[in-house]
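Engineer: Got a structure here, written out as structure tokens. Questions coming.
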Amino acid sequence: MAGSKSVMGSASTHPAPRALQADGLSDPVGVRSPRPWLSWKLDGPVAPDHFRVLGASTLQRLVEGEGDVFDITVAGTTAEWPAAELQSRQRVWWAVSADDGPWSDPAFVEAPLWHPEEWQATPITHQEWLRPGAIAPAALPQLRTTFSIHSKVTSARLYLTGAGVVVPDLNGNRAIDAELEPGYSDLRVSTLATAWDVTDAIRDGVNSLELTLASGIAYLPSGKRYTKFERTGEPVWAQVRLEASHPDGTSTVVVTDDTWQARLGPVVTSHWYGGETFVDGHATPWEPAVLVKAVAPVRWRAAPPVRVVDVLRPQHIRHHKGHLVVDFGTNCAGRLRLQLSAARPTEPIVLTPSELLKDGFVDQSTTGSPIWDSFTPVSPRAEWTPIGVYHGARYWDVTGVSAEEAGQAIELEVLRADNQRVGEFSSSDQFLSRLHEIIDRAVQSNMFSVFTDCPHREKLGWLEQIHYCFSVLARGYDVHAHLGDIVRHMIEAQTPDGLIPNIAPELVVFNEYPVKGDIDAFRNDPNWGRAIIDVPWLLYRQYGDSRIIIEALPAITRYLAYLDTRATHHILDFGLGDWIEVDTTTPRDMVATHGWASMLDTAADSASAVGFDDLGKIWRARADKVWAAFRSRFWEPRTGVWGSGSQGSWALAWSSRHADSDATHAIARGLLDAISRAGDTLTVGEISLPHLIRALTEIGQADKLNRLIRHQNAPGYGHQIDEGASSLAESWQGTEGQTGVASQNHFMLGVIDDWLTGDVAGLRQAPGSVGWEKVVIRPYPLQGVDTVSTTFDSPQGRMTVAWERDQDGTVVVTVDLPAHVEREVILPPNAVLRR
């Protein structure tokens, strides 16, 4: 396009816009919305006056500058959909230029099948999966059909949904570049669907389409393997529609129906938690597939697919008392890949994952047990990778493979949702760099169909971490589309009385394990449920897209009404409290009420942002009453103490409203005294941690916070790093933690990474700004740290802030921002801005 004579603009000082997205995705096939949100980025030293956005029905028309779908001019780097709603299968090509300068590379957006009747396909499975009773079928189904192509194919699309995992092959090769499709949802409410361009996989003549199924979260029997919960009684199934379009306007269409064949294949077991067993050569005879009835409606997934993003080689292999233990050096999420040349036919190869070793053996105490994968080859040369599971692990016990072959035959495929990386942090200080690395590894390891809490024992979408750690996620990765999907899971999970459960999708109800006397604490906590309010607001602030607030507003209204029914004199008292805390004295009702008041403020801001000012005023008035009750209940005027006097109590008080300047100074002193009484160590839990970080930073105690987080001999970040952690642990105690069974790969305590990028490096979005149109540069050069740098490919464009100490101790700050971004630079003493 850059070379086209019609679309090229006049000479310009601007580079071409880049990173074009529709609904937060690049070139989506099967976009979620018929009116997608358009966005792009612009780097460069000159601020543009306007952007021209061109949309065309064909790439040729776009190249020739013919905007037959839309041709608009806008001031910023986003645009609401400027044309009629996309129709099923419709593709629109589009491009952007700044001040009529060079054009971006062409991008496209394509609609899926909006109407259920357009599928004309039926869910199918193997007959053994429809037999009544609790006995598991002997293996997982494979489904197949053939079709003929006798003319040129201009495009081909595969539309896919199912219960469990569906792996499509066309002509003997994987048809799509994705794993664990289509992602999971509450199958009682919806099944996710995805669309794929498979044009290059179609060939002239006879074609074969085969689907291999795995259990995913659709079928979770208890028994020999570990499972978090049990789900049986419903079959795994697949539903697909393949359309191959020809130049004359006709199409060859293939749909799942009872003309397909089915068999039980070589995947004998595929348990989402417990692992997969594959017996090469195992298969029953092909027979007619059977239809599955009464399945939930389709919802098009917005989140990006799960892909292999890295491949790791063993770092260390050793024999230990008859066991072959393979260490990959990093605790991460993925699966092993075997490429064998000397396998022993019919002898199973067993792969047992773990995060830790105990006495030299793999130890599954933090992951659930037993978990294993196994592969039985039929010949010495064999390749195998599980198709329906992944694990969180660093170490693997391997049997059936010699030590000599293991070093070359075994690799670890690292998996995660393919959100684009947009942020980096680095420092000359090894502790700070390592802290960022282990948090980032934990984020990646839990970035799957939903953001999970750990990649082994639970694999569930616990909600509190996605708003408390929102900045950590969004400063590291583009999560616009992914977190929008999570909001829709919350909306689907909302109960008839308005409750937003602690996990979404709510695949299991947790009401059997009391915490602090509350039997429903693991299901119902306001600081978890408030994600339905906070996440849409944070997405709007981050990306400028307000539609998710509007979409969530009915659920927000119902949730706030539900909390009203749980309150007594404007105080809430239920839930998990300051979860995972060291000091357990922070009052639960203080934690819950603080969360309630905070979410009411956010709800008021959200309603006003989308034009519901009257509703915003109602929620603001409600927040005023709750904050007043909070102060009355948890502040003791006689002693000046908030809550129990714990660090968590003082931190929550710091971020509360209705405190004058004298009270603010008293809270700061109280917090510092509480820290001193604890031997200058952290005792807060997950909920009060972000408020403690903000309080210490805002009162000029960043260096004190820096010292707190480095302690090696007390629970905290320094202790975990000193233990050799390669990903962030669930508990402050690291490998020694017991609460929550102490996963070693869990990002809920990762909010300190927001401090590294936003305060230590010093790059933050300005208060009141939307979509990073305004930023504040305010670095905190820590004592003993020589260099720090952060780069963020923001929704506006690439931003870099760095500082270094020169030989005379002067801190030299470097700032590189797109020219159209408004900035305020606040330098610390003895610092200069490099021009």
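Ligands are numbered from 1 in the order shown, residues from 1 within each chain, and chains are lettered A, B, ... in the order they appear in the structure tokens.
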Write down as a CSV table (one decimal) with C-alpha atoms, in the first residue's frame the residues of region 22-238 of chain A whose backbone DSSP state falls under strand (DSSP E).
Structural biologist:
```
chain,number,residue,atom,x,y,z
A,22,ALA,CA,-10.3,-3.9,15.6
A,38,LEU,CA,-10.8,0.7,15.8
A,39,SER,CA,-7.5,1.8,17.2
A,40,TRP,CA,-3.9,2.5,16.0
A,41,LYS,CA,-0.6,4.0,17.3
A,51,PHE,CA,-6.0,11.1,11.2
A,52,ARG,CA,-7.7,9.9,8.1
A,53,VAL,CA,-9.3,6.5,8.3
A,54,LEU,CA,-10.2,4.7,5.1
A,55,GLY,CA,-12.3,1.5,4.9
A,56,ALA,CA,-12.9,-0.5,1.7
A,70,PHE,CA,-16.0,4.6,5.1
A,71,ASP,CA,-13.7,7.6,4.8
A,72,ILE,CA,-13.5,9.7,8.0
A,73,THR,CA,-11.3,12.1,9.8
A,74,VAL,CA,-10.7,11.9,13.5
A,78,THR,CA,-9.3,5.6,18.1
A,79,ALA,CA,-12.6,5.6,16.2
A,91,ARG,CA,-14.5,-8.4,5.5
A,92,VAL,CA,-13.5,-4.7,5.5
A,93,TRP,CA,-10.0,-3.6,4.7
A,94,TRP,CA,-8.8,-0.4,6.4
A,95,ALA,CA,-5.8,1.9,6.8
A,96,VAL,CA,-4.9,5.1,8.6
A,97,SER,CA,-2.7,8.1,7.8
A,98,ALA,CA,-1.6,11.1,10.0
A,107,ALA,CA,-5.5,-4.2,8.0
A,108,PHE,CA,-8.8,-6.0,7.9
A,109,VAL,CA,-11.6,-7.0,10.1
A,110,GLU,CA,-13.9,-9.9,9.3
A,124,ILE,CA,-21.6,-34.6,17.0
A,125,THR,CA,-19.6,-37.2,19.1
A,141,PRO,CA,-13.5,-39.4,20.1
A,142,GLN,CA,-12.1,-38.8,16.7
A,143,LEU,CA,-14.5,-37.5,14.0
A,144,ARG,CA,-13.9,-37.4,10.2
A,145,THR,CA,-15.4,-36.6,6.8
A,146,THR,CA,-14.2,-36.1,3.3
A,147,PHE,CA,-15.1,-33.5,0.7
A,148,SER,CA,-14.1,-32.7,-2.9
A,149,ILE,CA,-12.9,-29.5,-4.4
A,155,SER,CA,-10.9,-18.3,0.6
A,156,ALA,CA,-11.8,-20.9,3.1
A,157,ARG,CA,-13.1,-20.5,6.7
A,158,LEU,CA,-13.5,-23.0,9.5
A,159,TYR,CA,-16.0,-22.0,12.2
A,160,LEU,CA,-15.5,-24.1,15.3
A,161,THR,CA,-17.1,-24.7,18.7
A,162,GLY,CA,-17.4,-27.6,21.0
A,163,ALA,CA,-17.4,-28.9,24.6
A,165,VAL,CA,-10.9,-29.3,23.3
A,166,VAL,CA,-11.3,-29.6,19.6
A,167,VAL,CA,-8.2,-30.2,17.4
A,168,PRO,CA,-8.9,-29.9,13.6
A,169,ASP,CA,-6.7,-31.4,10.9
A,170,LEU,CA,-7.1,-30.8,7.2
A,173,ASN,CA,-2.0,-31.4,9.0
A,174,ARG,CA,-3.0,-29.2,11.8
A,191,THR,CA,-20.0,-22.4,24.3
A,192,LEU,CA,-17.2,-20.3,22.8
A,193,ALA,CA,-16.7,-20.3,19.1
A,194,THR,CA,-13.8,-19.2,16.9
A,195,ALA,CA,-13.2,-18.6,13.2
A,196,TRP,CA,-10.1,-19.5,11.2
A,197,ASP,CA,-8.7,-18.8,7.7
A,205,GLY,CA,-9.5,-33.0,-5.3
A,206,VAL,CA,-10.5,-35.0,-2.3
A,207,ASN,CA,-9.9,-33.4,1.1
A,208,SER,CA,-10.1,-34.9,4.6
A,209,LEU,CA,-11.3,-33.1,7.7
A,210,GLU,CA,-10.6,-34.8,11.0
A,211,LEU,CA,-11.4,-33.6,14.5
A,212,THR,CA,-9.7,-35.0,17.6
A,213,LEU,CA,-11.4,-34.3,20.9
A,214,ALA,CA,-10.1,-34.0,24.4
A,237,TRP,CA,-18.5,-32.9,21.2
A,238,ALA,CA,-17.6,-30.7,18.3
```
Engineer: Determine, counting only C-alpha atoms, which protein, DNA and RNA residues have an atom within 12 Å of an atom of Asp722 (chain A); residues of the same chain fewer than 2 positions away are not included. Present the result as a ChimeraX atom specification.
Structural biologist: /A:430-431,434-435,709-720,724-726,733-735
Engineer: Find the spatial neighbours of Ala333 (chain A), counting only C-alpha atoms, within a cut-off of 8 Å - ignore same-chain residues fewer than 5 positions away - and output them as a ChimeraX atom specification.
Structural biologist: /A:390-393,414-416,444-446,455
Engineer: Dump N, CA and C atoms for the selected residues as a PDB file, in the first residue's frame?
Structural biologist:
```pdb
ATOM      1  N   TYR A 390      -2.237 -28.974  29.705  1.00  0.00           N
ATOM      2  CA  TYR A 390      -0.979 -28.284  29.967  1.00  0.00           C
ATOM      3  C   TYR A 390      -0.745 -28.356  31.459  1.00  0.00           C
ATOM      4  N   HIS A 391       0.473 -28.076  31.885  1.00  0.00           N
ATOM      5  CA  HIS A 391       0.831 -28.201  33.292  1.00  0.00           C
ATOM      6  C   HIS A 391       1.671 -27.013  33.727  1.00  0.00           C
ATOM      7  N   GLY A 392       1.663 -26.735  35.019  1.00  0.00           N
ATOM      8  CA  GLY A 392       2.591 -25.785  35.605  1.00  0.00           C
ATOM      9  C   GLY A 392       3.704 -26.564  36.274  1.00  0.00           C
ATOM     10  N   ALA A 393       4.937 -26.385  35.807  1.00  0.00           N
ATOM     11  CA  ALA A 393       6.034 -27.198  36.327  1.00  0.00           C
ATOM     12  C   ALA A 393       7.375 -26.608  35.935  1.00  0.00           C
ATOM     13  N   VAL A 414       6.256 -23.834  25.886  1.00  0.00           N
ATOM     14  CA  VAL A 414       5.623 -22.867  26.774  1.00  0.00           C
ATOM     15  C   VAL A 414       4.363 -22.337  26.091  1.00  0.00           C
ATOM     16  N   LEU A 415       3.246 -22.396  26.800  1.00  0.00           N
ATOM     17  CA  LEU A 415       1.958 -21.987  26.250  1.00  0.00           C
ATOM     18  C   LEU A 415       1.421 -20.773  26.997  1.00  0.00           C
ATOM     19  N   ARG A 416       0.690 -19.946  26.312  1.00  0.00           N
ATOM     20  CA  ARG A 416      -0.109 -18.875  26.909  1.00  0.00           C
ATOM     21  C   ARG A 416      -0.996 -18.270  25.834  1.00  0.00           C
ATOM     22  N   GLN A 444       2.452 -14.750  32.675  1.00  0.00           N
ATOM     23  CA  GLN A 444       2.392 -15.568  31.465  1.00  0.00           C
ATOM     24  C   GLN A 444       1.814 -16.951  31.752  1.00  0.00           C
ATOM     25  N   SER A 445       2.214 -17.531  32.872  1.00  0.00           N
ATOM     26  CA  SER A 445       1.798 -18.897  33.182  1.00  0.00           C
ATOM     27  C   SER A 445       0.318 -19.004  33.484  1.00  0.00           C
ATOM     28  N   ASN A 446      -0.326 -17.887  33.761  1.00  0.00           N
ATOM     29  CA  ASN A 446      -1.760 -17.896  34.074  1.00  0.00           C
ATOM     30  C   ASN A 446      -2.583 -17.152  33.030  1.00  0.00           C
ATOM     31  N   PRO A 455      -1.405 -22.560  37.211  1.00  0.00           N
ATOM     32  CA  PRO A 455      -1.547 -23.354  35.983  1.00  0.00           C
ATOM     33  C   PRO A 455      -1.584 -24.861  36.224  1.00  0.00           C
TER      34      PRO A 455
END
```
Engineer: Between CA of Ile580 (chain A) and CA of Ser365 (chain A), what is the distance, to one decimal in Å?
Structural biologist: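 It comes out at 18.3 Å.
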Engineer: Mind giving me the straight-line distance from CA of Asp754 (chain A) to CA of Ser471 (chain A) in Å, one decimal?
Structural biologist: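 Computing the Euclidean distance for CA of Asp754 (chain A) and CA of Ser471 (chain A) yields 5.9 Å.
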Engineer: Between CA of Phe747 (chain A) and CA of Ala729 (chain A), what distance in Å does the model show, to one decimal?
Structural biologist: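 Between CA of Phe747 (chain A) and CA of Ala729 (chain A) the gap is 7.3 Å.
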Engineer: Quick one: everything within 10 Å of Gln87 (chain A), counting only C-alpha atoms, minus sequence neighbours fewer than 2 positions away in the same chain. Send it as a PDB file with C-alpha atoms, in the first residue's frame.
Structural biologist:
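Output contents, as saved in part_24.pdb:
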```
ATOM      1  CA  PRO A  34     -20.578  -6.143  14.427  1.00  0.00           C
ATOM      2  CA  ARG A  35     -19.432  -2.592  15.228  1.00  0.00           C
ATOM      3  CA  ALA A  84     -23.193   0.001   8.927  1.00  0.00           C
ATOM      4  CA  GLU A  85     -22.890  -3.087  11.095  1.00  0.00           C
ATOM      5  CA  ARG A  89     -18.682 -13.157   6.702  1.00  0.00           C
ATOM      6  CA  GLN A  90     -18.138  -9.532   5.636  1.00  0.00           C
ATOM      7  CA  ARG A  91     -14.528  -8.378   5.480  1.00  0.00           C
ATOM      8  CA  GLU A 110     -13.918  -9.920   9.282  1.00  0.00           C
ATOM      9  CA  ALA A 111     -17.247 -10.946  10.773  1.00  0.00           C
ATOM     10  CA  PRO A 112     -18.127 -14.520  11.783  1.00  0.00           C
ATOM     11  CA  LEU A 113     -21.589 -16.083  11.517  1.00  0.00           C
ATOM     12  CA  TRP A 114     -23.861 -13.869  13.585  1.00  0.00           C
ATOM     13  CA  HIS A 115     -26.984 -16.021  13.366  1.00  0.00           C
TER      14      HIS A 115
END
```
Engineer: For region 712-791 of chain A against region 456-469 of chain A, with a cut-off of 10 Å and counting only C-alpha atoms, what is the closest atom pair and its distance in Å to one decimal for every residue that makes the cut, ordered by chain and number, as a tab-separated table?
Structural biologist:
```
residue	atom	partner	partner_atom	distance
A:Val741	CA	A:Arg457	CA	9.1
A:Ser743	CA	A:Arg457	CA	7.9
A:Asn745	CA	A:His456	CA	9.0
A:His746	CA	A:Gln465	CA	9.7
A:Phe747	CA	A:Gln465	CA	7.4
A:Met748	CA	A:Gln465	CA	5.0
A:Leu749	CA	A:Cys469	CA	8.0
A:Gly750	CA	A:Cys469	CA	6.6
A:Val751	CA	A:Cys469	CA	5.1
A:Ile752	CA	A:Cys469	CA	8.8
A:Asp753	CA	A:Cys469	CA	8.6
A:Asp754	CA	A:Cys469	CA	7.8
```
Engineer: Find the spatial neighbours of Val279 (chain A), counting only C-alpha atoms, within a cut-off of 9 Å - ignore same-chain residues fewer than 2 positions away - and output them as a list in words.
Structural biologist: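 Selected residues are Gly265, Pro266, Val267, Val268, Thr277, Gly281, His282, Ala283, Thr346, Pro348, Ser374, Phe375, Thr376, Pro377 and Val378 of chain A.
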Engineer: Let's have the selection written as a CSV table (one decimal), in the first residue's frame, with N, CA and C atoms.
Structural biologist:
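See part_28.csv below for the written result:
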```csv
chain,number,residue,atom,x,y,z
A,265,GLY,N,-10.2,-42.9,19.7
A,265,GLY,CA,-8.9,-42.8,19.1
A,265,GLY,C,-7.8,-43.1,20.1
A,266,PRO,N,-6.5,-42.8,19.8
A,266,PRO,CA,-5.4,-43.1,20.7
A,266,PRO,C,-5.3,-42.3,21.9
A,267,VAL,N,-6.0,-41.1,22.0
A,267,VAL,CA,-6.0,-40.4,23.3
A,267,VAL,C,-6.9,-41.1,24.3
A,268,VAL,N,-6.3,-41.9,25.1
A,268,VAL,CA,-7.1,-42.8,26.0
A,268,VAL,C,-7.7,-42.0,27.2
A,277,THR,N,-3.1,-39.5,28.5
A,277,THR,CA,-2.5,-40.8,28.1
A,277,THR,C,-2.8,-41.0,26.7
A,281,GLY,N,-1.5,-46.2,18.0
A,281,GLY,CA,-2.1,-47.3,17.3
A,281,GLY,C,-3.5,-47.7,17.9
A,282,HIS,N,-3.8,-47.2,19.1
A,282,HIS,CA,-5.1,-47.6,19.7
A,282,HIS,C,-6.2,-46.9,18.9
A,283,ALA,N,-7.2,-47.6,18.5
A,283,ALA,CA,-8.4,-47.0,17.8
A,283,ALA,C,-9.4,-48.1,17.6
A,346,THR,N,5.8,-50.4,22.7
A,346,THR,CA,4.8,-50.9,23.7
A,346,THR,C,5.2,-50.6,25.2
A,348,PRO,N,5.3,-47.9,28.0
A,348,PRO,CA,4.9,-46.5,28.2
A,348,PRO,C,6.0,-45.6,28.7
A,374,SER,N,1.4,-39.8,29.7
A,374,SER,CA,2.1,-41.0,29.3
A,374,SER,C,1.8,-41.2,27.8
A,375,PHE,N,2.8,-41.8,27.2
A,375,PHE,CA,2.8,-42.0,25.8
A,375,PHE,C,3.4,-43.4,25.5
A,376,THR,N,2.6,-44.3,24.8
A,376,THR,CA,3.1,-45.6,24.5
A,376,THR,C,3.4,-45.7,23.0
A,377,PRO,N,4.6,-45.8,22.6
A,377,PRO,CA,5.0,-45.8,21.1
A,377,PRO,C,4.8,-47.2,20.5
A,378,VAL,N,4.7,-47.2,19.2
A,378,VAL,CA,4.7,-48.5,18.5
A,378,VAL,C,5.9,-48.8,17.7
```
Engineer: Find, counting only C-alpha atoms, the residue in A:Ser26, A:Thr757, A:Ser151, A:Gln765 that gets nearest to Val801 (chain A).
Structural biologist: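 Once distances to Val801 (chain A) are computed over only C-alpha atoms, the minimum belongs to A:Thr757.
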Engineer: Counting only C-alpha atoms, which residue out of A:Glu424, A:Glu506, A:Glu773, A:Glu551 sits closest to Gln494 (chain A)?
Structural biologist: A:Glu506
Engineer: Can you list, as a list in words, every residue of region 372-459 of chain A that DSSP puts in helix (DSSP H, G or I)?
Structural biologist: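 Result set for region 372-459 of chain A (helix (DSSP H, G or I)): Ala403, Glu404, Glu405, Ala406, Gly407, Gln408, Ala409, Gln430, Phe431, Leu432, Ser433, Arg434, Leu435, His436, Glu437, Ile438, Ile439, Asp440, Arg441, Ala442, Val443, Gln444 and Ser445 of chain A.
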Engineer: Point out the residue among A:Leu42, A:Ala302, A:Cys454, A:Val255 with the least atom-to-atom distance to Gln120 (chain A), counting only C-alpha atoms.
Structural biologist: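 Using only C-alpha atoms, the shortest distance to Gln120 (chain A) belongs to A:Val255.
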Engineer: Report as a PyMOL selection string all protein, DNA and RNA residues lying within 9 Å of Glu230 (chain A), evaluated on only C-alpha atoms, omitting residues in the same chain fewer than 6 positions from it.
Structural biologist: chain A and resi 219-222+508
Engineer: Select, from A:Arg475, A:Arg441, A:His126, A:Arg588, the residue with the minimum atom-to-atom distance to Trp260 (chain A), counting only C-alpha atoms.
Structural biologist: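 Checking each candidate against Trp260 (chain A), we get A:His126 as the closest.
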Engineer: Find the residues around Val309 (chain A) up to 12 Å (only C-alpha atoms counted), leave out those fewer than 3 positions away in its own chain, and share them as a VMD selection string.
Structural biologist: chain A and resid 177 to 179 305 to 306 312 332 to 335 412 to 421 444 to 445 447
Engineer: Write out the residues from the selection above, keeping C-alpha atoms, as an mmCIF file, in the first residue's frame.
Structural biologist:
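Wrote part35.cif, looks like this:
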```
data_model
loop_
_atom_site.group_PDB
_atom_site.id
_atom_site.type_symbol
_atom_site.label_atom_id
_atom_site.label_comp_id
_atom_site.auth_asym_id
_atom_site.auth_seq_id
_atom_site.Cartn_x
_atom_site.Cartn_y
_atom_site.Cartn_z
ATOM 1 C CA ASP A 177 -2.365 -22.165 14.627
ATOM 2 C CA ALA A 178 -3.821 -22.473 18.118
ATOM 3 C CA GLU A 179 -3.972 -24.849 21.056
ATOM 4 C CA PRO A 305 -5.890 -17.966 21.071
ATOM 5 C CA VAL A 306 -3.467 -19.974 23.165
ATOM 6 C CA LEU A 312 12.777 -24.625 26.403
ATOM 7 C CA CYS A 332 6.247 -22.142 33.723
ATOM 8 C CA ALA A 333 3.096 -23.408 32.010
ATOM 9 C CA GLY A 334 3.272 -25.788 29.094
ATOM 10 C CA ARG A 335 3.713 -29.369 27.990
ATOM 11 C CA LEU A 412 9.134 -27.966 26.940
ATOM 12 C CA GLU A 413 6.610 -26.009 24.867
ATOM 13 C CA VAL A 414 5.623 -22.867 26.774
ATOM 14 C CA LEU A 415 1.958 -21.987 26.250
ATOM 15 C CA ARG A 416 -0.109 -18.875 26.909
ATOM 16 C CA ALA A 417 -2.778 -16.717 25.314
ATOM 17 C CA ASP A 418 -1.106 -14.821 22.512
ATOM 18 C CA ASN A 419 -1.523 -11.315 23.913
ATOM 19 C CA GLN A 420 1.057 -9.030 22.353
ATOM 20 C CA ARG A 421 3.864 -8.005 24.697
ATOM 21 C CA GLN A 444 2.392 -15.568 31.465
ATOM 22 C CA SER A 445 1.798 -18.897 33.182
ATOM 23 C CA MET A 447 -2.649 -16.220 30.772
#
```
Engineer: Ranking A:Ala262, A:Val189, A:Ala175, A:Leu782 by minimum distance to Val295 (chain A) and counting only C-alpha atoms, which one comes first?
Structural biologist: A:Val189
